[in-house]
file coords-v2.cif (mmCIF, C-alpha atoms)
data_structure
loop_
_atom_site.label_atom_id
_atom_site.label_comp_id
_atom_site.auth_asym_id
_atom_site.auth_seq_id
_atom_site.Cartn_x
_atom_site.Cartn_y
_atom_site.Cartn_z
CA MET Y 11 -1.99 1.55 31.09
CA GLY Y 12 -4.34 -0.86 29.34
CA ARG Y 13 -4.40 1.35 26.26
CA ILE Y 14 -0.59 1.41 26.11
CA LEU Y 15 -0.39 -2.39 26.40
CA HIS Y 16 -3.04 -2.77 23.70
CA ALA Y 17 -1.08 -0.45 21.39
CA ARG Y 18 2.13 -2.41 22.03
CA TRP Y 19 0.51 -5.77 21.29
CA GLN Y 20 -1.13 -4.29 18.22
CA MET Y 21 2.19 -2.95 16.96
CA ALA Y 22 3.99 -6.22 17.78
CA PHE Y 23 1.45 -8.29 15.85
CA GLY Y 24 1.61 -5.96 12.86
CA LEU Y 25 5.40 -5.82 12.74
CA LEU Y 26 5.77 -9.59 13.15
CA PHE Y 27 3.38 -10.46 10.34
CA VAL Y 28 4.71 -7.77 8.00
CA SER Y 29 8.29 -8.94 8.67
CA ILE Y 30 7.28 -12.48 7.72
CA LEU Y 31 5.68 -11.15 4.53
CA PHE Y 32 8.85 -9.29 3.56
CA VAL Y 33 10.94 -12.44 4.08
CA LEU Y 34 8.52 -14.37 1.87
CA MET Y 35 8.64 -11.62 -0.74
CA LEU Y 36 12.45 -11.65 -0.89
CA ALA Y 37 12.98 -15.42 -0.73
CA PRO Y 38 9.79 -17.35 -1.59
CA SER Y 39 11.64 -20.43 -2.81
CA ILE Y 40 12.85 -21.14 0.74
CA VAL Y 41 9.29 -21.76 1.96
CA ALA Y 42 7.26 -22.75 -1.11
CA PRO Y 43 7.35 -26.55 -1.65
CA TYR Y 44 6.25 -26.45 -5.32
CA ASP Y 45 6.62 -24.41 -8.47
CA PRO Y 46 3.63 -21.99 -8.45
CA TYR Y 47 3.17 -22.44 -12.21
CA GLU Y 48 3.45 -26.24 -12.31
CA LEU Y 49 0.32 -27.85 -13.78
CA ASN Y 50 -0.94 -31.22 -12.53
CA THR Y 51 -4.49 -31.91 -13.70
CA ALA Y 52 -4.51 -35.23 -11.85
CA ASN Y 53 -4.47 -33.24 -8.57
CA ARG Y 54 -7.00 -30.54 -9.49
CA LEU Y 55 -9.16 -29.11 -6.67
CA ARG Y 56 -7.71 -31.34 -3.96
CA PRO Y 57 -8.61 -30.25 -0.39
CA PRO Y 58 -5.93 -29.23 2.12
CA SER Y 59 -3.62 -32.10 3.08
CA PRO Y 60 -0.06 -32.66 4.35
CA GLN Y 61 1.12 -32.69 0.72
CA HIS Y 62 -0.79 -29.51 -0.21
CA LEU Y 63 -1.35 -27.41 2.91
CA PHE Y 64 -3.89 -25.07 1.30
CA GLY Y 65 -5.14 -27.53 -1.32
CA THR Y 66 -4.84 -27.19 -5.10
CA ASP Y 67 -6.61 -25.08 -7.72
CA GLU Y 68 -8.47 -26.00 -10.92
CA ALA Y 69 -5.17 -26.67 -12.73
CA GLY Y 70 -3.68 -28.78 -9.92
CA ARG Y 71 -1.28 -26.03 -8.82
CA ASP Y 72 -0.35 -25.87 -5.15
CA ILE Y 73 -2.24 -22.94 -3.59
CA PHE Y 74 0.20 -22.54 -0.69
CA SER Y 75 3.12 -22.11 -3.11
CA ARG Y 76 1.13 -19.67 -5.22
CA ILE Y 77 0.26 -17.58 -2.17
CA ILE Y 78 3.92 -17.48 -1.11
CA TYR Y 79 5.07 -16.37 -4.56
CA GLY Y 80 2.09 -14.04 -4.80
CA THR Y 81 3.59 -12.01 -1.96
CA ARG Y 82 6.03 -10.61 -4.52
CA TYR Y 83 3.20 -9.29 -6.64
CA SER Y 84 0.74 -8.13 -3.98
CA LEU Y 85 3.18 -6.66 -1.47
CA GLY Y 86 5.71 -5.48 -4.06
CA MET Y 87 3.07 -3.62 -6.06
CA SER Y 88 1.65 -2.05 -2.87
CA LEU Y 89 5.13 -0.76 -2.02
CA ALA Y 90 5.50 0.68 -5.52
CA ILE Y 91 2.06 2.34 -5.39
CA VAL Y 92 2.60 4.01 -2.02
CA GLY Y 93 6.23 4.92 -2.81
CA LEU Y 94 5.22 6.64 -6.06
CA ALA Y 95 2.34 8.45 -4.34
CA VAL Y 96 4.58 9.67 -1.49
CA GLY Y 97 7.33 10.86 -3.84
CA LEU Y 98 5.01 12.72 -6.22
CA GLY Y 99 2.80 14.13 -3.48
CA THR Y 100 5.74 15.34 -1.37
CA ALA Y 101 7.38 17.04 -4.36
CA ILE Y 102 4.18 18.84 -5.40
CA GLY Y 103 3.37 19.81 -1.80
CA CYS Y 104 6.85 21.31 -1.35
CA VAL Y 105 6.66 23.27 -4.61
CA ALA Y 106 3.20 24.61 -3.71
CA GLY Y 107 4.16 25.57 -0.17
CA LEU Y 108 7.43 27.23 -1.16
CA SER Y 109 6.13 29.07 -4.21
CA GLY Y 110 2.93 30.54 -2.80
CA GLY Y 111 0.80 32.87 -4.89
CA ARG Y 112 -0.62 31.70 -8.20
CA THR Y 113 1.60 28.62 -8.39
CA ASP Y 114 0.37 27.41 -5.02
CA GLU Y 115 -3.24 28.13 -5.96
CA LEU Y 116 -2.95 26.36 -9.33
CA LEU Y 117 -1.29 23.26 -7.87
CA MET Y 118 -3.78 22.98 -5.03
CA ARG Y 119 -6.73 23.29 -7.43
CA PHE Y 120 -5.17 20.41 -9.36
CA VAL Y 121 -4.93 18.46 -6.09
CA ASP Y 122 -8.58 19.25 -5.31
CA VAL Y 123 -9.65 17.90 -8.70
CA PHE Y 124 -8.02 14.54 -7.94
CA LEU Y 125 -9.46 14.45 -4.43
CA SER Y 126 -12.97 15.22 -5.71
CA PHE Y 127 -13.15 12.18 -8.02
CA PRO Y 128 -14.62 8.93 -6.64
CA ARG Y 129 -11.41 7.06 -5.88
CA TYR Y 130 -11.97 3.61 -7.26
CA ILE Y 131 -13.92 4.73 -10.32
CA LEU Y 132 -10.90 6.87 -11.24
CA ALA Y 133 -8.55 3.91 -10.70
CA MET Y 134 -10.70 1.62 -12.84
CA ALA Y 135 -10.87 4.23 -15.60
CA ILE Y 136 -7.08 4.66 -15.67
CA ALA Y 137 -6.45 0.90 -15.51
CA SER Y 138 -8.96 0.30 -18.32
CA ALA Y 139 -7.32 2.96 -20.49
CA LEU Y 140 -3.79 1.64 -19.91
CA GLY Y 141 -4.70 -2.05 -20.10
CA PRO Y 142 -4.13 -4.81 -17.52
CA GLY Y 143 -0.67 -5.37 -16.06
CA ILE Y 144 1.74 -4.36 -13.31
CA ALA Y 145 2.61 -0.88 -14.60
CA SER Y 146 -0.99 0.13 -15.28
CA SER Y 147 -2.14 -1.08 -11.84
CA VAL Y 148 0.64 0.83 -10.07
CA LEU Y 149 -0.01 4.05 -12.02
CA ALA Y 150 -3.79 3.79 -11.65
CA LEU Y 151 -3.70 3.27 -7.89
CA SER Y 152 -0.90 5.74 -7.11
CA ALA Y 153 -3.20 8.38 -8.64
CA LEU Y 154 -5.57 7.76 -5.71
CA TRP Y 155 -3.12 8.78 -2.98
CA TRP Y 156 -0.55 11.30 -4.19
CA ALA Y 157 -2.92 14.28 -3.77
CA ALA Y 158 -3.46 13.56 -0.06
CA TYR Y 159 0.32 13.55 0.53
CA ALA Y 160 0.67 16.81 -1.39
CA ARG Y 161 -1.91 18.48 0.85
CA LEU Y 162 -0.35 17.04 4.01
CA VAL Y 163 3.19 18.21 3.15
CA ARG Y 164 2.05 21.65 1.97
CA GLY Y 165 0.08 22.20 5.18
CA LYS Y 166 3.04 21.17 7.31
CA LEU Y 167 5.40 23.38 5.31
CA LEU Y 168 3.14 26.42 5.69
CA SER Y 169 2.91 25.89 9.46
CA ILE Y 170 6.68 25.52 9.89
CA LYS Y 171 8.29 27.91 7.41
CA GLU Y 172 7.61 31.00 9.56
CA ASN Y 173 9.20 29.47 12.67
CA LEU Y 174 12.31 31.07 14.16
CA PHE Y 175 14.67 28.22 13.25
CA VAL Y 176 13.59 28.46 9.60
CA GLU Y 177 13.99 32.25 9.64
CA ALA Y 178 17.46 31.80 11.15
CA ALA Y 179 18.42 29.37 8.38
CA ARG Y 180 17.18 31.88 5.79
CA ALA Y 181 19.18 34.67 7.43
CA LEU Y 182 22.31 32.54 7.06
CA GLY Y 183 21.67 32.32 3.33
CA THR Y 184 20.48 28.70 3.25
CA ASN Y 185 18.80 27.65 0.01
CA ASN Y 186 15.02 27.09 0.21
CA TRP Y 187 15.30 23.46 -0.85
CA ARG Y 188 17.97 22.79 1.78
CA ILE Y 189 15.64 24.31 4.37
CA VAL Y 190 12.86 22.00 3.21
CA TRP Y 191 15.14 18.94 3.26
CA TRP Y 192 16.80 19.59 6.63
CA HIS Y 193 14.17 21.53 8.59
CA VAL Y 194 10.69 20.90 7.16
CA LEU Y 195 10.53 17.30 5.93
CA PRO Y 196 11.87 15.83 9.22
CA HIS Y 197 8.78 17.30 10.90
CA CYS Y 198 6.54 15.53 8.38
CA VAL Y 199 8.08 12.08 8.78
CA ARG Y 200 5.81 10.79 11.54
CA GLU Y 201 2.58 11.85 9.83
CA ILE Y 202 3.78 10.52 6.47
CA ASN Y 203 4.84 7.20 8.01
CA ALA Y 204 1.48 6.76 9.72
CA LYS Y 205 -0.44 7.53 6.53
CA MET Y 206 1.89 5.36 4.41
CA THR Y 207 1.34 2.35 6.63
CA LEU Y 208 -2.44 2.69 6.47
CA ASP Y 209 -2.24 3.20 2.71
CA PHE Y 210 -0.25 -0.03 2.27
CA GLY Y 211 -3.28 -1.96 3.50
CA THR Y 212 -5.74 0.10 1.47
CA SER Y 213 -3.66 -0.23 -1.70
CA LEU Y 214 -3.52 -4.00 -1.24
CA LEU Y 215 -7.32 -4.10 -1.08
CA ALA Y 216 -7.54 -1.89 -4.17
CA LEU Y 217 -5.09 -4.17 -6.01
CA THR Y 218 -7.25 -7.12 -5.06
CA GLY Y 219 -10.27 -5.34 -6.48
CA LEU Y 220 -8.53 -4.61 -9.79
CA GLY Y 221 -7.36 -8.22 -10.03
CA PHE Y 222 -10.85 -9.48 -9.24
CA LEU Y 223 -12.30 -7.31 -12.03
CA GLY Y 224 -9.67 -8.45 -14.53
CA LEU Y 225 -7.97 -5.03 -14.67
CA GLY Y 226 -4.85 -6.05 -12.75
CA MET Y 227 -2.52 -9.01 -13.16
CA GLN Y 228 -3.48 -11.69 -15.68
CA ASN Y 229 -3.31 -15.49 -15.55
CA PRO Y 230 -1.28 -17.46 -14.68
CA ALA Y 231 0.29 -14.91 -12.28
CA PRO Y 232 -0.13 -15.97 -8.61
CA GLU Y 233 -1.57 -12.62 -7.51
CA TRP Y 234 -3.95 -12.87 -4.54
CA GLY Y 235 -6.84 -10.87 -6.02
CA LEU Y 236 -6.63 -12.82 -9.27
CA MET Y 237 -6.66 -16.08 -7.31
CA VAL Y 238 -9.86 -15.02 -5.54
CA ALA Y 239 -11.40 -14.10 -8.91
CA ASN Y 240 -10.45 -17.49 -10.39
CA ALA Y 241 -12.03 -19.24 -7.39
CA ARG Y 242 -15.48 -17.68 -7.91
CA GLY Y 243 -16.78 -20.66 -9.85
CA TYR Y 244 -15.66 -23.12 -7.18
CA ALA Y 245 -16.95 -21.36 -4.04
CA LEU Y 246 -19.22 -24.28 -3.06
CA SER Y 247 -17.23 -27.25 -4.33
CA ALA Y 248 -13.74 -26.04 -3.28
CA TRP Y 249 -14.09 -23.57 -0.41
CA TRP Y 250 -10.32 -23.57 0.30
CA TYR Y 251 -9.51 -22.09 -3.09
CA ALA Y 252 -10.87 -18.60 -2.32
CA PHE Y 253 -10.47 -18.87 1.46
CA SER Y 254 -6.66 -19.15 1.48
CA PRO Y 255 -5.76 -16.04 -0.56
CA GLY Y 256 -8.67 -14.20 1.07
CA LEU Y 257 -7.26 -14.97 4.51
CA MET Y 258 -3.82 -13.70 3.48
CA ILE Y 259 -5.33 -10.46 2.19
CA PHE Y 260 -7.25 -10.02 5.46
CA LEU Y 261 -4.21 -10.66 7.68
CA CYS Y 262 -1.96 -8.44 5.58
CA VAL Y 263 -4.39 -5.51 5.64
CA LEU Y 264 -5.04 -6.04 9.36
CA SER Y 265 -1.30 -5.92 10.09
CA PHE Y 266 -0.73 -2.67 8.20
CA VAL Y 267 -3.80 -1.09 9.81
CA ALA Y 268 -2.56 -2.14 13.27
CA ILE Y 269 0.82 -0.50 12.66
CA GLY Y 270 -0.73 2.59 11.08
CA ASP Y 271 -3.23 3.08 13.92
CA THR Y 272 -0.46 2.89 16.51
CA LEU Y 273 1.70 5.38 14.60
CA SER Y 274 -1.28 7.71 14.12
CA GLU Y 275 -2.09 7.69 17.83
CA GLY Y 276 1.56 8.45 18.58
CA SER Y 277 1.70 11.37 16.14
CA ILE Y 278 -1.49 12.87 17.60
CA SER Y 279 -0.49 12.42 21.25
CA ASP Y 280 2.93 13.99 20.65
CA ARG Y 281 1.48 17.24 19.32
CA PRO Y 282 1.68 20.17 21.74
CA PRO Y 283 -1.63 21.29 23.29
CA MET Y 284 -3.38 24.19 21.55
#
call {"tool": "encode", "arguments": {"input": "coords-v2.cif", "output": "structure tokens"}}
result
Amino acid sequence: MGRILHARWQMAFGLLFVSILFVLMLAPSIVAPYDPYELNTANRLRPPSPQHLFGTDEAGRDIFSRIIYGTRYSLGMSLAIVGLAVGLGTAIGCVAGLSGGRTDELLMRFVDVFLSFPRYILAMAIASALGPGIASSVLALSALWWAAYARLVRGKLLSIKENLFVEAARALGTNNWRIVWWHVLPHCVREINAKMTLDFGTSLLALTGLGFLGLGMQNPAPEWGLMVANARGYALSAWWYAFSPGLMIFLCVLSFVAIGDTLSEGSISDRPPM
């Protein structure tokens, strides 16, 4: 009973905070009191106050407003990264599982190559080659996750495609891709959703790392990782500068992990006993 209540509170916290983030991402101007790009050197590095809830940065910009607008970059790019990884991985996993033989073997060796590379070194190499920016960050980080989705979907497809309901659909002359769409993918949804939610948090951390290293968004974009990087030189004199975006990153990742853990426990507990 206690475990169920803990899971419910965990899910409720995660959903509430993520819902707030999505509202901020879609309509930041409703909450943000200032223009995130507005310079005011007379107010540089001011501590938190009623006028500036999270203080100001080295250019006098309101940190609270920049964090609100930064939701568009940080959360939006995380959605793009995971969405691209899921789409590519699912497509390759379906092709491998349906084709079998040499095609399956070739595709899965390709997947193994990606999974064998150190994740973040690969992302940094791709981002460095493509140059800093939104597109390069999304492409570099989606390369870290698509292979895991391909393996997940292929494994699920292989375990399901010999079942009686799939054989019955084949006997009726149903196209292979229709069988995948209507009979196989619905059985993958829970596992994919659980992994996606966990990967949202991980991709946000990876985005922060790229921004911190100068391989992600560039100034003056209000991206959370870039804000933490800009605050390095003021860690002792203006603690609030790095603390505020760092806290948002922590809470955002914690929320996605809370949701993902709950979904993962549900997908495991719902499996039939061996």
call {"tool": "residues_around", "arguments": {"input": "coords-v2.cif", "residues": "range 20-32 of chain Y", "least_positions_apart": "4", "cutoff": "7 Å", "atoms": "all atoms listed in the file", "output": "short mmCIF file (atom, residue, chain, number, x, y, z; two decimals) with C-alpha atoms, in the frame of the given file"}}
result
data_model
loop_
_atom_site.label_atom_id
_atom_site.label_comp_id
_atom_site.auth_asym_id
_atom_site.auth_seq_id
_atom_site.Cartn_x
_atom_site.Cartn_y
_atom_site.Cartn_z
CA HIS Y 16 -3.04 -2.77 23.70
CA LEU Y 36 12.45 -11.65 -0.89
CA THR Y 81 3.59 -12.01 -1.96
CA SER Y 265 -1.30 -5.92 10.09
CA PHE Y 266 -0.73 -2.67 8.20
CA ALA Y 268 -2.56 -2.14 13.27
CA ILE Y 269 0.82 -0.50 12.66
CA THR Y 272 -0.46 2.89 16.51
#
call {"tool": "resolve_selection", "arguments": {"input": "coords-v2.cif", "expression": "the PyMOL selection byres ((chain Y and resi 147-153) around 10)", "output": "number ranges by chain"}}
result
Y: 87-96, 98-99, 124-125, 129-130, 132-146, 154-157, 213-214, 216-217, 220-221, 225-227
call {"tool": "write_last_selection", "arguments": {"input": "coords-v2.cif", "atoms": "C-alpha atoms", "output": "compact mmCIF listing (two decimals), keeping the file's coordinate frame"}}
result
# COMPACT_ATOMS: atom_id res chain seq x y z
CA MET Y 87 3.07 -3.62 -6.06
CA SER Y 88 1.65 -2.05 -2.87
CA LEU Y 89 5.13 -0.76 -2.02
CA ALA Y 90 5.50 0.68 -5.52
CA ILE Y 91 2.06 2.34 -5.39
CA VAL Y 92 2.60 4.01 -2.02
CA GLY Y 93 6.23 4.92 -2.81
CA LEU Y 94 5.22 6.64 -6.06
CA ALA Y 95 2.34 8.45 -4.34
CA VAL Y 96 4.58 9.67 -1.49
CA LEU Y 98 5.01 12.72 -6.22
CA GLY Y 99 2.80 14.13 -3.48
CA PHE Y 124 -8.02 14.54 -7.94
CA LEU Y 125 -9.46 14.45 -4.43
CA ARG Y 129 -11.41 7.06 -5.88
CA TYR Y 130 -11.97 3.61 -7.26
CA LEU Y 132 -10.90 6.87 -11.24
CA ALA Y 133 -8.55 3.91 -10.70
CA MET Y 134 -10.70 1.62 -12.84
CA ALA Y 135 -10.87 4.23 -15.60
CA ILE Y 136 -7.08 4.66 -15.67
CA ALA Y 137 -6.45 0.90 -15.51
CA SER Y 138 -8.96 0.30 -18.32
CA ALA Y 139 -7.32 2.96 -20.49
CA LEU Y 140 -3.79 1.64 -19.91
CA GLY Y 141 -4.70 -2.05 -20.10
CA PRO Y 142 -4.13 -4.81 -17.52
CA GLY Y 143 -0.67 -5.37 -16.06
CA ILE Y 144 1.74 -4.36 -13.31
CA ALA Y 145 2.61 -0.88 -14.60
CA SER Y 146 -0.99 0.13 -15.28
CA LEU Y 154 -5.57 7.76 -5.71
CA TRP Y 155 -3.12 8.78 -2.98
CA TRP Y 156 -0.55 11.30 -4.19
CA ALA Y 157 -2.92 14.28 -3.77
CA SER Y 213 -3.66 -0.23 -1.70
CA LEU Y 214 -3.52 -4.00 -1.24
CA ALA Y 216 -7.54 -1.89 -4.17
CA LEU Y 217 -5.09 -4.17 -6.01
CA LEU Y 220 -8.53 -4.61 -9.79
CA GLY Y 221 -7.36 -8.22 -10.03
CA LEU Y 225 -7.97 -5.03 -14.67
CA GLY Y 226 -4.85 -6.05 -12.75
CA MET Y 227 -2.52 -9.01 -13.16
call {"tool": "atom_distance", "arguments": {"input": "coords-v2.cif", "atom1": "CA of Thr212 in chain Y", "atom2": "CA of Pro58 in chain Y"}}
result
29.3 Å
call {"tool": "atom_distance", "arguments": {"input": "coords-v2.cif", "atom1": "CA of Arg119 in chain Y", "atom2": "CA of Ile202 in chain Y"}}
result
21.6 Å
call {"tool": "residues_around", "arguments": {"input": "coords-v2.cif", "residues": "range 44-52 of chain Y", "least_positions_apart": "5", "cutoff": "9 Å", "atoms": "all atoms listed in the file", "output": "list of chain:residue names"}}
result
Y:Ser39, Y:Glu68, Y:Ala69, Y:Gly70, Y:Arg71, Y:Asp72, Y:Ile73, Y:Phe74, Y:Ser75, Y:Arg76, Y:Ile77, Y:Ile78, Y:Tyr79, Y:Gly80, Y:Pro230, Y:Ala231, Y:Pro232
call {"tool": "residues_near_point", "arguments": {"input": "coords-v2.cif", "point": "(-9.2, -18.4, -9.6)", "cutoff": "12 Å", "atoms": "all atoms listed in the file", "output": "ChimeraX atom specification"}}
result
/Y:55,66-71,73,76,221-224,228-245,248-256
call {"tool": "atom_distance", "arguments": {"input": "coords-v2.cif", "atom1": "CA of Leu108 in chain Y", "atom2": "CA of Asn186 in chain Y"}}
result
7.7 Å
call {"tool": "residues_near_point", "arguments": {"input": "coords-v2.cif", "point": "(-0.1, 18.4, 7.0)", "cutoff": "12 Å", "atoms": "all atoms listed in the file", "output": "ChimeraX atom specification"}}
result
/Y:99-100,103-104,107,157-170,194-195,197-202,205,277
call {"tool": "write_last_selection", "arguments": {"input": "coords-v2.cif", "atoms": "C-alpha atoms", "output": "PDB file, keeping the file's coordinate frame"}}
result
ATOM      1  CA  GLY Y  99       2.800  14.130  -3.480  1.00  0.00           C
ATOM      2  CA  THR Y 100       5.740  15.340  -1.370  1.00  0.00           C
ATOM      3  CA  GLY Y 103       3.370  19.810  -1.800  1.00  0.00           C
ATOM      4  CA  CYS Y 104       6.850  21.310  -1.350  1.00  0.00           C
ATOM      5  CA  GLY Y 107       4.160  25.570  -0.170  1.00  0.00           C
ATOM      6  CA  ALA Y 157      -2.920  14.280  -3.770  1.00  0.00           C
ATOM      7  CA  ALA Y 158      -3.460  13.560  -0.060  1.00  0.00           C
ATOM      8  CA  TYR Y 159       0.320  13.550   0.530  1.00  0.00           C
ATOM      9  CA  ALA Y 160       0.670  16.810  -1.390  1.00  0.00           C
ATOM     10  CA  ARG Y 161      -1.910  18.480   0.850  1.00  0.00           C
ATOM     11  CA  LEU Y 162      -0.350  17.040   4.010  1.00  0.00           C
ATOM     12  CA  VAL Y 163       3.190  18.210   3.150  1.00  0.00           C
ATOM     13  CA  ARG Y 164       2.050  21.650   1.970  1.00  0.00           C
ATOM     14  CA  GLY Y 165       0.080  22.200   5.180  1.00  0.00           C
ATOM     15  CA  LYS Y 166       3.040  21.170   7.310  1.00  0.00           C
ATOM     16  CA  LEU Y 167       5.400  23.380   5.310  1.00  0.00           C
ATOM     17  CA  LEU Y 168       3.140  26.420   5.690  1.00  0.00           C
ATOM     18  CA  SER Y 169       2.910  25.890   9.460  1.00  0.00           C
ATOM     19  CA  ILE Y 170       6.680  25.520   9.890  1.00  0.00           C
ATOM     20  CA  VAL Y 194      10.690  20.900   7.160  1.00  0.00           C
ATOM     21  CA  LEU Y 195      10.530  17.300   5.930  1.00  0.00           C
ATOM     22  CA  HIS Y 197       8.780  17.300  10.900  1.00  0.00           C
ATOM     23  CA  CYS Y 198       6.540  15.530   8.380  1.00  0.00           C
ATOM     24  CA  VAL Y 199       8.080  12.080   8.780  1.00  0.00           C
ATOM     25  CA  ARG Y 200       5.810  10.790  11.540  1.00  0.00           C
ATOM     26  CA  GLU Y 201       2.580  11.850   9.830  1.00  0.00           C
ATOM     27  CA  ILE Y 202       3.780  10.520   6.470  1.00  0.00           C
ATOM     28  CA  LYS Y 205      -0.440   7.530   6.530  1.00  0.00           C
ATOM     29  CA  SER Y 277       1.700  11.370  16.140  1.00  0.00           C
TER      30      SER Y 277
END
call {"tool": "axis_aligned_box", "arguments": {"input": "coords-v2.cif", "around": "range 23-41 of chain Y", "padding_each_side": "4 Å", "output": "lines of an AutoDock Vina configuration file"}}
result
center_x = 7.2
center_y = -13.8
center_z = 6.5
size_x = 19.5
size_y = 23.9
size_z = 26.7
call {"tool": "closest_residue", "arguments": {"input": "coords-v2.cif", "among": "Y:Ala179, Y:Leu85, Y:Val121, Y:Ala42", "to": "Cys262 in chain Y", "atoms": "all atoms listed in the file"}}
result
Y:Leu85
